[in-house]
Amino acid sequence: MSLIQSGFIYWFFVVLLMIGMYGAVGKDNLVKKLIGLSIFQTAIILFYVSIGFKNGPATIPILQGGHGEPIKDIAAASYFNPVPHVLMLTAIVVGVATVGVALAVIQRLYAEYGTLEENEILDKIANS
Amino acid sequence: MSDQLIILAIIYPLFVGVVTSLMPCRERLLAIWGMVHLALANLLSLGLLVQTLTEHQVTYHLSGWAPPLGIELRATVFSGLISWLISAVALVGFIGGRDTWKDQVGERLPHFLALFFLLVAAFQGLCLSNDAFNLYVMLEISSLATYGLIAFGGGRAYLATFHYIVMGTIGASFYLIGVGYLYIKTGTLNISDLAQILAGVPWTEAYILALGFLIIGLLLKMAVFPLHLWLPNAYTYAPDATSILVAPLSTKLAVFLMFRVMFDIFGGVIDDNIPSWSLFMVLLASFGILAGTSLSLAQRDLKKIFACLIVAEAGYMLGGLWLHDPRGNVGALFHLVNDAVATLVLFLVVVAVQESVGGRNLGHLSGLFRKSPLTAAALIVVAFNLIGVPPFAGFFSKATLITGAIASGRLEFVVALLLASLGNLVIFFRILERAYFPSEEPFEEKWTRSKRGDVLGALALCIGLFLIVLGLQSNTIMDLFIRPVVPL
Amino acid sequence: MNLTAEFALIAPIVVPLLVLLPLYLARNKPDLRESISLTGGFLNFFFVLYLFGAFGRGQQLQWDILTLMPGVPLGLRVDALGCIMLLTAGFLWPIATLYSAGYLRGHKEKNQTRFFSMFCIAIAATNGVSLSSNLLTLYVFYEILSLSTYPLVTHHQDSEARAAGRRYLAFIMGGSVGLVLPAMLTVYSMTGDLTFGSASQVLQAGGWPSALLALAFLYGFSKAAVMPMHAWLPGAMVAPTPVSSLLHAVAVVKIGVFSVIRALCDVLGPQFMTAHNTKYLVTALCATTVVVSAALMVSQDNLKRCLAFSTIGQLSYIILAVSLFNVTGIAGGTMHIFMHALGKITLFFCAGAIAVHAHKKYISQFDGLGRTMPWTFGAFTVGCLAIIGLPPTGGFLSKWMIVTACIKAEMPVIAGLLLVSSLLKAWAFFPIIFRAYFKAAPEEEHPIKGDCDPMMRVPLILTALFSIIVFFYPYYILGLAQFFAERVLMGGL
């Protein structure tokens with residue numbers, strides 16, 4: 001139990017990863033595959049974001065609360081690590097681009113073969 | 001100016017690509033535009049190469065931020081060579097593929113070329129970046145551009161692209177997980193910094209896990225058996241103008257990336273810490289070589305034969321990198337260069353053959369020697385290179401790999417390499433026999449000399465003859481570019 | 001080393017290649033084209049004689065052109081064995097060119113320019129092998145030879161040629177890539193040096209591996225046609241006879257034997273071979289080949305196939321002699337390279353002349369031809385004597401030395417087997433000569449008049465005559481052979 005408790009986030013990450021991979025590999029419908037892929041990438045994003053988390057009095061790295069409020073102390077210990085968040089901004093963009101390209105290709109596949117099921121497409125190719 | 005060469009090598013093609021997407025679809029204009037800019041990119045890379053030879057290492061901090069906070073670019077002698085290789089292959093591929101634009105790309109040519117330039121920029125970034133996460137970004141940019149370029153092929157290319165998207169993204173994501181684990185343990189993403197930190201610590205499960213994820217992700221990108229399923233279809237159904245650029249470089253850069261992970265990040269001491277992995281990897285590579293060669297033997301489409309050979313070549317390089325003996329590593333890196341050039345010639349030959357005989361199935365090939373002797377000559381040259389006949393470069397890379405394997409005691413790799421040479425002999429002589437002997441099938445024999453085919457064949461032949469130079473000077477090239485970066 | 005010496009050293013390789021361009025330009029003028037070929041041949045022979053003379057005077061000619069692998073250059077060197085091979089190929093190339101011209105024209109063959117061009121490349125590669133100073137350089141030129149002779153073997157471009165070509169490639173490339181390459185690289189990884197003479201000093205002898213290495217070289221150089229790697233040779237007889245004559249009697253197969261001798265003597269070395277009795281294995285395998293091929297020869301009706309099996313036996317003769325590792329053996333074997341080449345090329349020239357002039361390929365058809373074609377069959381008789389090993393031909397001298405060497409090495413059984421094979425050869429050849437001279441010619445619709453074309457006749461008379469001359473004046477070749485034998489057994493360069 002302690003194994004799961006101490007590494008809870010890793011377990012969560014792995015489960016999500018496997019769900020995504022199952023979708024990408026195990027499903028026949030192209031859109032479902034894409035959704036699986038997306039879940040896969042999201043799992044990784046979640047993993048990275050969780051890296052930045054710190055126990056204890058740590059909060060998001062925002063220096064000034066609102067208009068007129070004083071600037072808080074800049075002590076690294078009191079803020080989460082912002083670097084993984086920043087990295088994941090890039091990764092999210094990459095993910096979006098991938099989904100975009102994949103959807104365009106799926107659209108073309110539908111126009112070409114009239115179906116979104118991979119086994120049917122393969123049948124059509126084999127028979128052509 | 002010379003400090004900026006390294007960053008210009010990446011952003012110059014990037015900006016050209018952006019501008020290209022806005023240009024009108026006039027073939028002549030775009031051809032000249034592309035050639036001029038690729039020639040300039042070549043000069044930039046050449047300048048960078050010369051700089052690395054004189055200064056041994058060129059670094060650049062993006063926006064002036066020093067690492068490990070900022071992103072750093074680094075060029076060693078070998079990455080300088082690869083950078084120039086990328087530009088050169090792009091230029092030759094551009095010229096070679098130009099004839100196919102009308103039929104295979106059609107009206108969206110500016111967008112095609114924009115993706116082309118984007119891909120070149122991404123390859124350069126992949127070669128020159130010194131930041132682990134930045135490498136992921138470059139990897140994904142190159143993959144996305146490749147997806148687009150392949151999808152232009154229409155018809156069967158769509159499904160091939162989709163499969164490539166799924167497998168490629170999974171691969172790159174594994175790489176990202178690996179980088180994540182490294183970040184957790186070391187807190188830095190800069191490769192030089194990682195190397196320093198990793199050199200001082202004992203290896204725990206987290207490091208091994210990180211290495212594992214990185215390796216598997218890269219195996220997928222390298223198309224090593226059994227993770228190669230995306231490659232044959234993707235490269236065969238892509239437009240010829242795409243395969244000429246993508247096939248020589250894409251998997252080879254993934255090999256280069258694996259080299260950097262193994263040697264630059266983990267310091268080349270993987271064998272000391274986890275010896276069983278080397279055993280497994282070389283075994284996998286040996287299987288991969290045999291699998292790729294067998295796959296290639298089963299094909300009748302010339303382009304697919306060559307695409308399956310790439311799977312076999314990936315095995316050579318994977319095995320070479322994981323051998324104990326440094327000669328194996330040197331052989332693998334030399335094979336990278338040799339194979340990039342050879343694959344370029346192969347795919348140029350495909351275009352030339354299509355021009356000369358009007359098809360690219362084995363059955364179409366008869367009379368090739370009469371219709372386009374230059375294309376036939378180019379085919380002979382590249383065949384000898386892949387079989388491993390001296391004085392071609394292919395022989396020297398194989399010889400170095402075999403010597404390294406014998407010294408490491410990995411006889412299964414030696415056997416696989418020799419069987420692959422003999423397999424290539426069968427594959428290429430089957431093709432050449434069809435071209436040389438008069439056909440027995442009732443295909444119409446039009447013996448008119450194809451001028452266009454000859455021009456393309458001449459281009460392929462020139463690059464092919466360069467392989468002889470590469471071969472005879474292999475020792476000098478290894479001394480200059482490869483041995484300095486491989487730890488002994 | 002000065003410039004003229006370097007130039008002379010590389011000339012035998014470069015001169016045949018330089019002939020290529022003029023040959024291509026003269027492709028529509030056959031007489032000019034053949035003259036260019038002949039000029040190249042004479043020039044090549046001139047340089048070979050120069051190198052021979054320089055070697056005889058004791059000059060050390062060596063040139064490392066560039067480094068191919070660490071510690072292994074693309075190196076050229078003249079030594080005794082190389083001289084023998086250079087002289088063989090250099091002397092016979094112009095003669096074969098003249099003969100080929102006659103044959104190709106008589107047979108009205110197509111693609112003659114391609115034929116002569118590939119000939120040039122093959123000769124250049126042969127000279128390259130002869131001049132190699134280390135195993136890697138030898139391997140480079142060996143492969144070039146293999147590939148340049150493929151278009152020659154498949155010259156007719158019909159289905160027979162296709163099958164023969166496939167078998168040729170399978171055995172030759174399979175042997176060199178599958179066996180020689182790993183063996184060579186094993187030696188390289190053990191010693192770091194592939195130079196002839198020096199590797200043998202460092203190589204550690206040892207049971208299993210030593211046998212495997214020796215066998216890899218013996219079978220890998222499949223041009224030497226040791227059984228069972230001989231199967232390509234009879235099939236390659238579908239090629240035009242000039243190809244068979246020069247290449248399969250002289251250049252290709254002799255290079256195979258040459259390479260095996262180099263591997264056994266200069267790479268592995270006498271200590272290595274003697275230490276674990278590996279040499280006896282080689283002797284046994286070669287003896288088997290000698291006997292089996294002689295037996296197979298007797299049953300052949302097609303003259304060229306008969307000669308092919310004879311060649312297979314003679315090649316193993318040479319290797320057997322060398323594997324005895326005594327002075328007489330090595331000297332006799334290497335001398336036999338030259339003697340056998342003369343004899344065999346005469347026989348092939350005659351076979352081709354008979355095919356072109358009389359349109360006959362089968363021995364059973366030769367009745368009475370000896371009287372119609374006296375010069376041809378006279379030369380044929382001399383050739384037969386050379387191959388069987390009877391005086392007054394050079395073949396007798398080398399055979400005598402080989403048999404003596406067997407007895408000196410205390411292997412009378414082997415000597416007996418060799419004599420048995422000679423008897424079998426006599427059994428095969430004498431009936432041919434007998435029928436040709438003494439049986440009546442059968443009735444034919446178009447009887448042949450006179451002997452063959454002078455362009456073919458002169459070469460075969462020349463080679464037959466030379467076979468006899470070297471019986472009386474063998475000193476040059478014998479000297480070279482003995483020098484090589486002593487050098488090998490003494491160790492070092």
# chains A, B, ... in the order shown; residues from 1 in each chain; ligands from 1
call {"tool": "interface_residues", "arguments": {"of": "chain C", "to": "chain B", "cutoff": "8 Å", "atoms": "only C-alpha atoms", "output": "tab-separated table (two decimals) with C-alpha atoms, in the first residue's frame"}}
result
chain	number	residue	atom	x	y	z
C	66	LEU	CA	47.02	5.70	-49.19
C	67	THR	CA	45.76	4.30	-45.91
C	68	LEU	CA	42.65	2.18	-46.20
C	69	MET	CA	42.31	1.05	-42.61
C	70	PRO	CA	44.51	1.86	-39.63
C	139	TYR	CA	40.99	-8.36	-51.70
C	140	VAL	CA	40.13	-5.03	-53.35
C	143	GLU	CA	36.64	-8.22	-56.05
C	144	ILE	CA	37.15	-5.88	-58.99
C	157	GLN	CA	23.12	-12.73	-72.79
C	158	ASP	CA	20.93	-15.78	-73.32
C	162	ARG	CA	22.14	-16.04	-67.19
C	173	MET	CA	31.19	-13.54	-54.33
C	174	GLY	CA	29.77	-15.94	-51.78
C	177	VAL	CA	32.32	-12.05	-48.97
C	178	GLY	CA	31.24	-14.99	-46.85
C	182	PRO	CA	35.69	-12.60	-42.02
C	185	LEU	CA	39.28	-9.34	-40.59
C	186	THR	CA	39.92	-12.00	-37.94
C	188	TYR	CA	43.45	-8.11	-38.76
C	189	SER	CA	41.83	-7.95	-35.35
call {"tool": "residues_around", "arguments": {"residues": "segment 80-86 of chain B", "least_positions_apart": "5", "cutoff": "7 Å", "atoms": "only C-alpha atoms", "output": "list in words"}}
result
Asn42, Ser45, Leu46, Leu48, Leu49, Thr52, Ala75, Gln124 and Cys127 of chain B
call {"tool": "atom_distance", "arguments": {"atom1": "atom CA of Leu333 of chain B", "atom2": "atom CA of Asp264 of chain B"}}
result
14.1 Å
call {"tool": "closest_residue", "arguments": {"among": "A:Phe47, A:Phe8, A:Tyr79, A:Tyr22", "to": "chain B", "atoms": "only C-alpha atoms"}}
result
A:Phe47
call {"tool": "interface_residues", "arguments": {"of": "chain A", "to": "chain B", "cutoff": "8 Å", "atoms": "only C-alpha atoms", "output": "JSON, numbers by chain"}}
result
{"A": [24, 33, 34, 37, 40, 41, 44, 48, 51, 87, 90, 91, 94, 97, 98, 101, 102, 105, 106, 108, 109, 112, 125]}
call {"tool": "write_last_selection", "arguments": {"atoms": "C-alpha atoms", "output": "compact mmCIF listing (two decimals), in the first residue's frame"}}
result
# COMPACT_ATOMS: atom_id res chain seq x y z
CA ALA A 24 -3.94 4.12 -30.09
CA LYS A 33 -6.87 5.92 -32.18
CA LEU A 34 -6.22 9.62 -32.30
CA LEU A 37 -2.78 9.13 -28.79
CA PHE A 40 -1.05 9.26 -24.20
CA GLN A 41 0.48 12.67 -24.72
CA ILE A 44 3.15 12.67 -20.22
CA TYR A 48 6.03 16.54 -16.20
CA ILE A 51 7.57 16.96 -11.33
CA LEU A 87 8.41 22.78 -21.15
CA THR A 90 5.84 23.51 -25.85
CA ALA A 91 4.74 19.91 -25.60
CA VAL A 94 3.42 19.92 -30.36
CA ALA A 97 -0.04 20.26 -34.12
CA THR A 98 0.06 16.47 -34.19
CA VAL A 101 -2.15 16.96 -38.90
CA ALA A 102 -3.72 13.66 -37.93
CA VAL A 105 -5.09 13.00 -42.74
CA ILE A 106 -8.21 11.33 -41.31
CA ARG A 108 -8.47 12.72 -46.47
CA LEU A 109 -8.77 9.04 -45.58
CA GLU A 112 -10.70 8.43 -50.18
CA ILE A 125 -6.87 -1.55 -50.25
call {"tool": "residues_around", "arguments": {"residues": "Asn81 of chain A", "least_positions_apart": "6", "cutoff": "9 Å", "atoms": "only C-alpha atoms", "output": "ChimeraX atom specification"}}
result
/A:51-54,60-61
call {"tool": "select_by_dssp", "arguments": {"residues": "segment 168-334 of chain B", "states": "helix (DSSP H, G or I)", "output": "tab-separated table (two decimals) with C-alpha atoms, in the first residue's frame"}}
result
chain	number	residue	atom	x	y	z
B	168	GLY	CA	6.15	8.26	-34.50
B	169	THR	CA	4.32	10.15	-31.79
B	170	ILE	CA	4.54	7.20	-29.41
B	171	GLY	CA	8.27	7.00	-30.11
B	172	ALA	CA	8.90	10.68	-29.55
B	173	SER	CA	6.77	10.59	-26.43
B	174	PHE	CA	8.87	7.76	-25.01
B	175	TYR	CA	11.89	9.92	-25.64
B	176	LEU	CA	10.16	12.71	-23.74
B	177	ILE	CA	9.44	10.43	-20.77
B	178	GLY	CA	13.10	9.51	-20.70
B	179	VAL	CA	14.09	13.15	-20.63
B	180	GLY	CA	11.57	13.66	-17.85
B	181	TYR	CA	13.17	11.01	-15.65
B	182	LEU	CA	16.58	12.53	-16.27
B	183	TYR	CA	15.23	15.92	-15.30
B	184	ILE	CA	13.80	14.57	-12.07
B	185	LYS	CA	17.16	13.13	-11.06
B	186	THR	CA	19.48	15.89	-12.27
B	191	ILE	CA	23.43	17.71	-22.44
B	192	SER	CA	26.91	18.78	-21.34
B	193	ASP	CA	25.57	19.47	-17.88
B	194	LEU	CA	23.78	16.12	-17.76
B	195	ALA	CA	27.00	14.38	-18.74
B	196	GLN	CA	28.89	16.06	-15.94
B	197	ILE	CA	26.30	15.21	-13.32
B	198	LEU	CA	25.78	11.64	-14.53
B	199	ALA	CA	29.51	10.98	-14.52
B	200	GLY	CA	29.66	11.45	-10.79
B	205	GLU	CA	16.80	2.50	-11.29
B	206	ALA	CA	15.64	5.94	-12.32
B	207	TYR	CA	18.65	6.42	-14.58
B	208	ILE	CA	18.27	3.00	-16.07
B	209	LEU	CA	14.58	3.65	-16.65
B	210	ALA	CA	15.39	6.96	-18.27
B	211	LEU	CA	17.90	5.32	-20.56
B	212	GLY	CA	15.42	2.61	-21.38
B	213	PHE	CA	12.70	5.01	-22.42
B	214	LEU	CA	15.11	7.10	-24.43
B	215	ILE	CA	16.46	4.07	-26.25
B	216	ILE	CA	13.05	2.59	-27.06
B	217	GLY	CA	11.76	5.89	-28.32
B	218	LEU	CA	14.76	6.23	-30.58
B	219	LEU	CA	14.50	2.63	-31.74
B	220	LEU	CA	11.07	3.48	-33.05
B	221	LYS	CA	12.37	6.50	-34.87
B	222	MET	CA	15.27	4.51	-36.30
B	231	LEU	CA	8.70	2.74	-42.66
B	232	PRO	CA	8.28	0.64	-45.81
B	233	ASN	CA	4.81	1.92	-46.65
B	234	ALA	CA	5.49	5.50	-45.62
B	235	TYR	CA	8.59	5.82	-47.78
B	236	THR	CA	7.15	3.90	-50.73
B	237	TYR	CA	3.90	5.80	-51.12
B	240	ASP	CA	9.45	10.86	-54.89
B	241	ALA	CA	10.49	14.40	-54.07
B	242	THR	CA	9.82	13.62	-50.40
B	243	SER	CA	11.53	10.26	-50.21
B	244	ILE	CA	14.70	11.69	-51.72
B	245	LEU	CA	15.01	14.04	-48.77
B	246	VAL	CA	13.49	12.00	-45.98
B	247	ALA	CA	14.89	8.53	-46.62
B	248	PRO	CA	18.59	9.40	-46.47
B	249	LEU	CA	18.32	11.55	-43.38
B	250	SER	CA	15.42	10.79	-41.08
B	251	THR	CA	16.45	7.46	-39.59
B	252	LYS	CA	20.15	8.37	-39.72
B	253	LEU	CA	19.54	11.42	-37.56
B	254	ALA	CA	17.72	9.22	-35.08
B	255	VAL	CA	20.85	7.06	-34.99
B	256	PHE	CA	22.91	10.18	-34.39
B	257	LEU	CA	20.57	11.05	-31.56
B	258	MET	CA	21.05	7.61	-30.05
B	259	PHE	CA	24.79	8.10	-30.28
B	260	ARG	CA	24.46	11.36	-28.40
B	261	VAL	CA	22.30	9.77	-25.72
B	262	MET	CA	24.68	6.87	-25.26
B	263	PHE	CA	27.94	8.76	-25.45
B	264	ASP	CA	27.27	12.42	-24.75
B	265	ILE	CA	24.75	12.01	-21.96
B	270	ILE	CA	26.60	1.86	-20.36
B	271	ASP	CA	28.40	-1.46	-20.86
B	272	ASP	CA	30.15	-1.13	-17.52
B	273	ASN	CA	26.93	-0.52	-15.65
B	275	PRO	CA	26.30	-5.19	-19.58
B	276	SER	CA	23.25	-7.27	-20.48
B	277	TRP	CA	21.76	-4.46	-22.54
B	278	SER	CA	24.63	-4.45	-24.98
B	279	LEU	CA	24.13	-8.18	-25.43
B	280	PHE	CA	20.47	-7.71	-26.17
B	281	MET	CA	20.91	-4.73	-28.45
B	282	VAL	CA	23.49	-6.36	-30.68
B	283	LEU	CA	21.32	-9.47	-30.90
B	284	LEU	CA	18.33	-7.31	-31.81
B	285	ALA	CA	20.42	-5.50	-34.39
B	286	SER	CA	21.52	-8.79	-35.94
B	287	PHE	CA	17.90	-9.93	-36.22
B	288	GLY	CA	16.97	-6.57	-37.62
B	289	ILE	CA	19.58	-6.79	-40.33
B	290	LEU	CA	18.36	-10.20	-41.40
B	291	ALA	CA	14.72	-9.18	-41.16
B	292	GLY	CA	15.24	-6.07	-43.25
B	293	THR	CA	17.17	-7.95	-45.91
B	294	SER	CA	14.54	-10.71	-46.08
B	295	LEU	CA	11.77	-8.14	-46.30
B	296	SER	CA	13.58	-6.50	-49.14
B	297	LEU	CA	14.00	-9.79	-50.98
B	302	LEU	CA	11.94	-1.00	-56.70
B	303	LYS	CA	11.12	1.79	-54.26
B	304	LYS	CA	9.83	-0.64	-51.66
B	305	ILE	CA	12.93	-2.81	-52.03
B	306	PHE	CA	15.08	0.21	-51.23
B	307	ALA	CA	12.83	1.31	-48.38
B	308	CYS	CA	13.09	-2.12	-46.74
B	309	LEU	CA	16.87	-1.96	-47.07
B	310	ILE	CA	16.78	1.08	-44.80
B	311	VAL	CA	15.42	-1.17	-42.06
B	312	ALA	CA	18.42	-3.45	-42.51
B	313	GLU	CA	20.85	-0.53	-42.48
B	314	ALA	CA	19.40	0.66	-39.20
B	315	GLY	CA	20.45	-2.68	-37.76
B	316	TYR	CA	24.07	-2.15	-38.86
B	317	MET	CA	24.23	1.16	-37.06
B	318	LEU	CA	22.42	0.03	-33.94
B	319	GLY	CA	24.69	-2.98	-33.55
B	320	GLY	CA	27.78	-0.92	-34.22
B	321	LEU	CA	26.91	1.63	-31.56
B	326	PRO	CA	35.38	1.57	-30.22
B	327	ARG	CA	35.99	0.39	-33.77
B	328	GLY	CA	32.38	-0.74	-33.84
B	329	ASN	CA	31.21	2.73	-32.82
B	330	VAL	CA	33.44	4.38	-35.40
B	331	GLY	CA	32.15	1.96	-38.02
B	332	ALA	CA	28.55	2.76	-37.10
B	333	LEU	CA	29.10	6.51	-37.47
B	334	PHE	CA	30.97	6.12	-40.73
call {"tool": "residues_around", "arguments": {"residues": "Pro30 of chain C", "least_positions_apart": "6", "cutoff": "9 Å", "atoms": "only C-alpha atoms", "output": "number ranges by chain"}}
result
C: 101, 112-113
call {"tool": "atom_distance", "arguments": {"atom1": "atom CA of Ala377 of chain B", "atom2": "atom CA of Ala89 of chain C"}}
result
28.2 Å
call {"tool": "residues_around", "arguments": {"residues": "Ala58 of chain A", "least_positions_apart": "2", "cutoff": "6 Å", "atoms": "only C-alpha atoms", "output": "NGL selection string"}}
result
:A and (56 or 78-80)
call {"tool": "residues_around", "arguments": {"residues": "segment 123-134 of chain C", "least_positions_apart": "2", "cutoff": "7 Å", "atoms": "only C-alpha atoms", "output": "mmCIF file with C-alpha atoms, in the first residue's frame"}}
result
data_model
loop_
_atom_site.group_PDB
_atom_site.id
_atom_site.type_symbol
_atom_site.label_atom_id
_atom_site.label_comp_id
_atom_site.auth_asym_id
_atom_site.auth_seq_id
_atom_site.Cartn_x
_atom_site.Cartn_y
_atom_site.Cartn_z
ATOM 1 C CA PRO C 12 50.599 -2.603 -65.086
ATOM 2 C CA ILE C 13 47.370 -1.483 -63.400
ATOM 3 C CA VAL C 14 46.995 1.881 -65.079
ATOM 4 C CA PRO C 16 45.124 -1.427 -69.279
ATOM 5 C CA LEU C 17 42.713 1.154 -67.860
ATOM 6 C CA GLY C 75 50.070 -0.950 -51.098
ATOM 7 C CA LEU C 76 51.947 -2.227 -54.124
ATOM 8 C CA ARG C 77 55.080 -4.305 -54.088
ATOM 9 C CA VAL C 78 57.053 -6.493 -56.466
ATOM 10 C CA GLY C 82 54.041 -11.482 -58.086
ATOM 11 C CA MET C 85 51.921 -13.908 -62.106
ATOM 12 C CA LEU C 86 52.684 -10.626 -63.863
ATOM 13 C CA PHE C 119 39.115 -7.655 -70.729
ATOM 14 C CA CYS C 120 41.186 -4.557 -69.997
ATOM 15 C CA ILE C 121 39.615 -4.025 -66.606
ATOM 16 C CA LEU C 136 43.330 -5.995 -48.096
ATOM 17 C CA THR C 137 44.754 -4.595 -51.336
ATOM 18 C CA LEU C 138 44.617 -8.097 -52.770
ATOM 19 C CA PHE C 141 41.558 -6.086 -56.702
ATOM 20 C CA TYR C 142 40.166 -9.601 -56.354
ATOM 21 C CA ILE C 144 37.148 -5.884 -58.991
ATOM 22 C CA LEU C 145 38.250 -8.922 -60.992
ATOM 23 C CA LEU C 194 47.811 -7.537 -43.041
ATOM 24 C CA THR C 195 51.103 -7.039 -44.857
ATOM 25 C CA PHE C 196 52.353 -10.177 -46.521
ATOM 26 C CA ALA C 251 43.789 -14.848 -65.181
ATOM 27 C CA ILE C 255 44.513 -15.342 -59.367
#
call {"tool": "residues_around", "arguments": {"residues": "Leu63 of chain A", "least_positions_apart": "6", "cutoff": "8 Å", "atoms": "only C-alpha atoms", "output": "MDAnalysis selection string"}}
result
chainID A and resid 71:74
call {"tool": "decode", "arguments": {"residues": "segment 162-180 of chain C", "atoms": "N, CA and C atoms", "output": "PDB file, in the first residue's frame"}}
result
ATOM      1  N   ARG C 162      22.734 -16.532 -68.429  1.00  0.00           N
ATOM      2  CA  ARG C 162      22.139 -16.039 -67.190  1.00  0.00           C
ATOM      3  C   ARG C 162      22.381 -17.010 -66.049  1.00  0.00           C
ATOM      4  N   ALA C 163      22.103 -18.305 -66.334  1.00  0.00           N
ATOM      5  CA  ALA C 163      22.287 -19.311 -65.290  1.00  0.00           C
ATOM      6  C   ALA C 163      23.750 -19.417 -64.902  1.00  0.00           C
ATOM      7  N   ALA C 164      24.631 -19.413 -65.926  1.00  0.00           N
ATOM      8  CA  ALA C 164      26.062 -19.504 -65.646  1.00  0.00           C
ATOM      9  C   ALA C 164      26.524 -18.306 -64.827  1.00  0.00           C
ATOM     10  N   GLY C 165      26.008 -17.126 -65.187  1.00  0.00           N
ATOM     11  CA  GLY C 165      26.383 -15.917 -64.473  1.00  0.00           C
ATOM     12  C   GLY C 165      25.974 -15.977 -63.011  1.00  0.00           C
ATOM     13  N   ARG C 166      24.756 -16.477 -62.778  1.00  0.00           N
ATOM     14  CA  ARG C 166      24.280 -16.558 -61.399  1.00  0.00           C
ATOM     15  C   ARG C 166      25.171 -17.478 -60.579  1.00  0.00           C
ATOM     16  N   ARG C 167      25.493 -18.632 -61.176  1.00  0.00           N
ATOM     17  CA  ARG C 167      26.322 -19.585 -60.440  1.00  0.00           C
ATOM     18  C   ARG C 167      27.699 -18.992 -60.187  1.00  0.00           C
ATOM     19  N   TYR C 168      28.218 -18.320 -61.209  1.00  0.00           N
ATOM     20  CA  TYR C 168      29.529 -17.688 -61.096  1.00  0.00           C
ATOM     21  C   TYR C 168      29.553 -16.741 -59.908  1.00  0.00           C
ATOM     22  N   LEU C 169      28.570 -15.819 -59.893  1.00  0.00           N
ATOM     23  CA  LEU C 169      28.524 -14.852 -58.808  1.00  0.00           C
ATOM     24  C   LEU C 169      28.329 -15.514 -57.466  1.00  0.00           C
ATOM     25  N   ALA C 170      27.406 -16.484 -57.430  1.00  0.00           N
ATOM     26  CA  ALA C 170      27.104 -17.108 -56.146  1.00  0.00           C
ATOM     27  C   ALA C 170      28.362 -17.692 -55.526  1.00  0.00           C
ATOM     28  N   PHE C 171      29.140 -18.443 -56.336  1.00  0.00           N
ATOM     29  CA  PHE C 171      30.328 -19.073 -55.767  1.00  0.00           C
ATOM     30  C   PHE C 171      31.433 -18.083 -55.504  1.00  0.00           C
ATOM     31  N   ILE C 172      31.689 -17.210 -56.456  1.00  0.00           N
ATOM     32  CA  ILE C 172      32.835 -16.325 -56.311  1.00  0.00           C
ATOM     33  C   ILE C 172      32.576 -15.283 -55.226  1.00  0.00           C
ATOM     34  N   MET C 173      31.453 -14.570 -55.318  1.00  0.00           N
ATOM     35  CA  MET C 173      31.188 -13.536 -54.327  1.00  0.00           C
ATOM     36  C   MET C 173      30.834 -14.162 -52.985  1.00  0.00           C
ATOM     37  N   GLY C 174      30.099 -15.277 -53.039  1.00  0.00           N
ATOM     38  CA  GLY C 174      29.767 -15.942 -51.781  1.00  0.00           C
ATOM     39  C   GLY C 174      31.032 -16.324 -51.038  1.00  0.00           C
ATOM     40  N   GLY C 175      32.008 -16.856 -51.790  1.00  0.00           N
ATOM     41  CA  GLY C 175      33.268 -17.223 -51.164  1.00  0.00           C
ATOM     42  C   GLY C 175      34.020 -16.023 -50.634  1.00  0.00           C
ATOM     43  N   SER C 176      34.129 -14.989 -51.468  1.00  0.00           N
ATOM     44  CA  SER C 176      34.966 -13.878 -51.024  1.00  0.00           C
ATOM     45  C   SER C 176      34.302 -13.091 -49.906  1.00  0.00           C
ATOM     46  N   VAL C 177      32.997 -12.827 -50.018  1.00  0.00           N
ATOM     47  CA  VAL C 177      32.323 -12.052 -48.972  1.00  0.00           C
ATOM     48  C   VAL C 177      32.058 -12.913 -47.743  1.00  0.00           C
ATOM     49  N   GLY C 178      31.641 -14.160 -47.972  1.00  0.00           N
ATOM     50  CA  GLY C 178      31.239 -14.989 -46.846  1.00  0.00           C
ATOM     51  C   GLY C 178      32.392 -15.626 -46.102  1.00  0.00           C
ATOM     52  N   LEU C 179      33.500 -15.904 -46.790  1.00  0.00           N
ATOM     53  CA  LEU C 179      34.596 -16.625 -46.128  1.00  0.00           C
ATOM     54  C   LEU C 179      35.872 -15.807 -45.988  1.00  0.00           C
ATOM     55  N   VAL C 180      36.299 -15.186 -47.104  1.00  0.00           N
ATOM     56  CA  VAL C 180      37.583 -14.488 -47.038  1.00  0.00           C
ATOM     57  C   VAL C 180      37.496 -13.259 -46.150  1.00  0.00           C
TER      58      VAL C 180
END
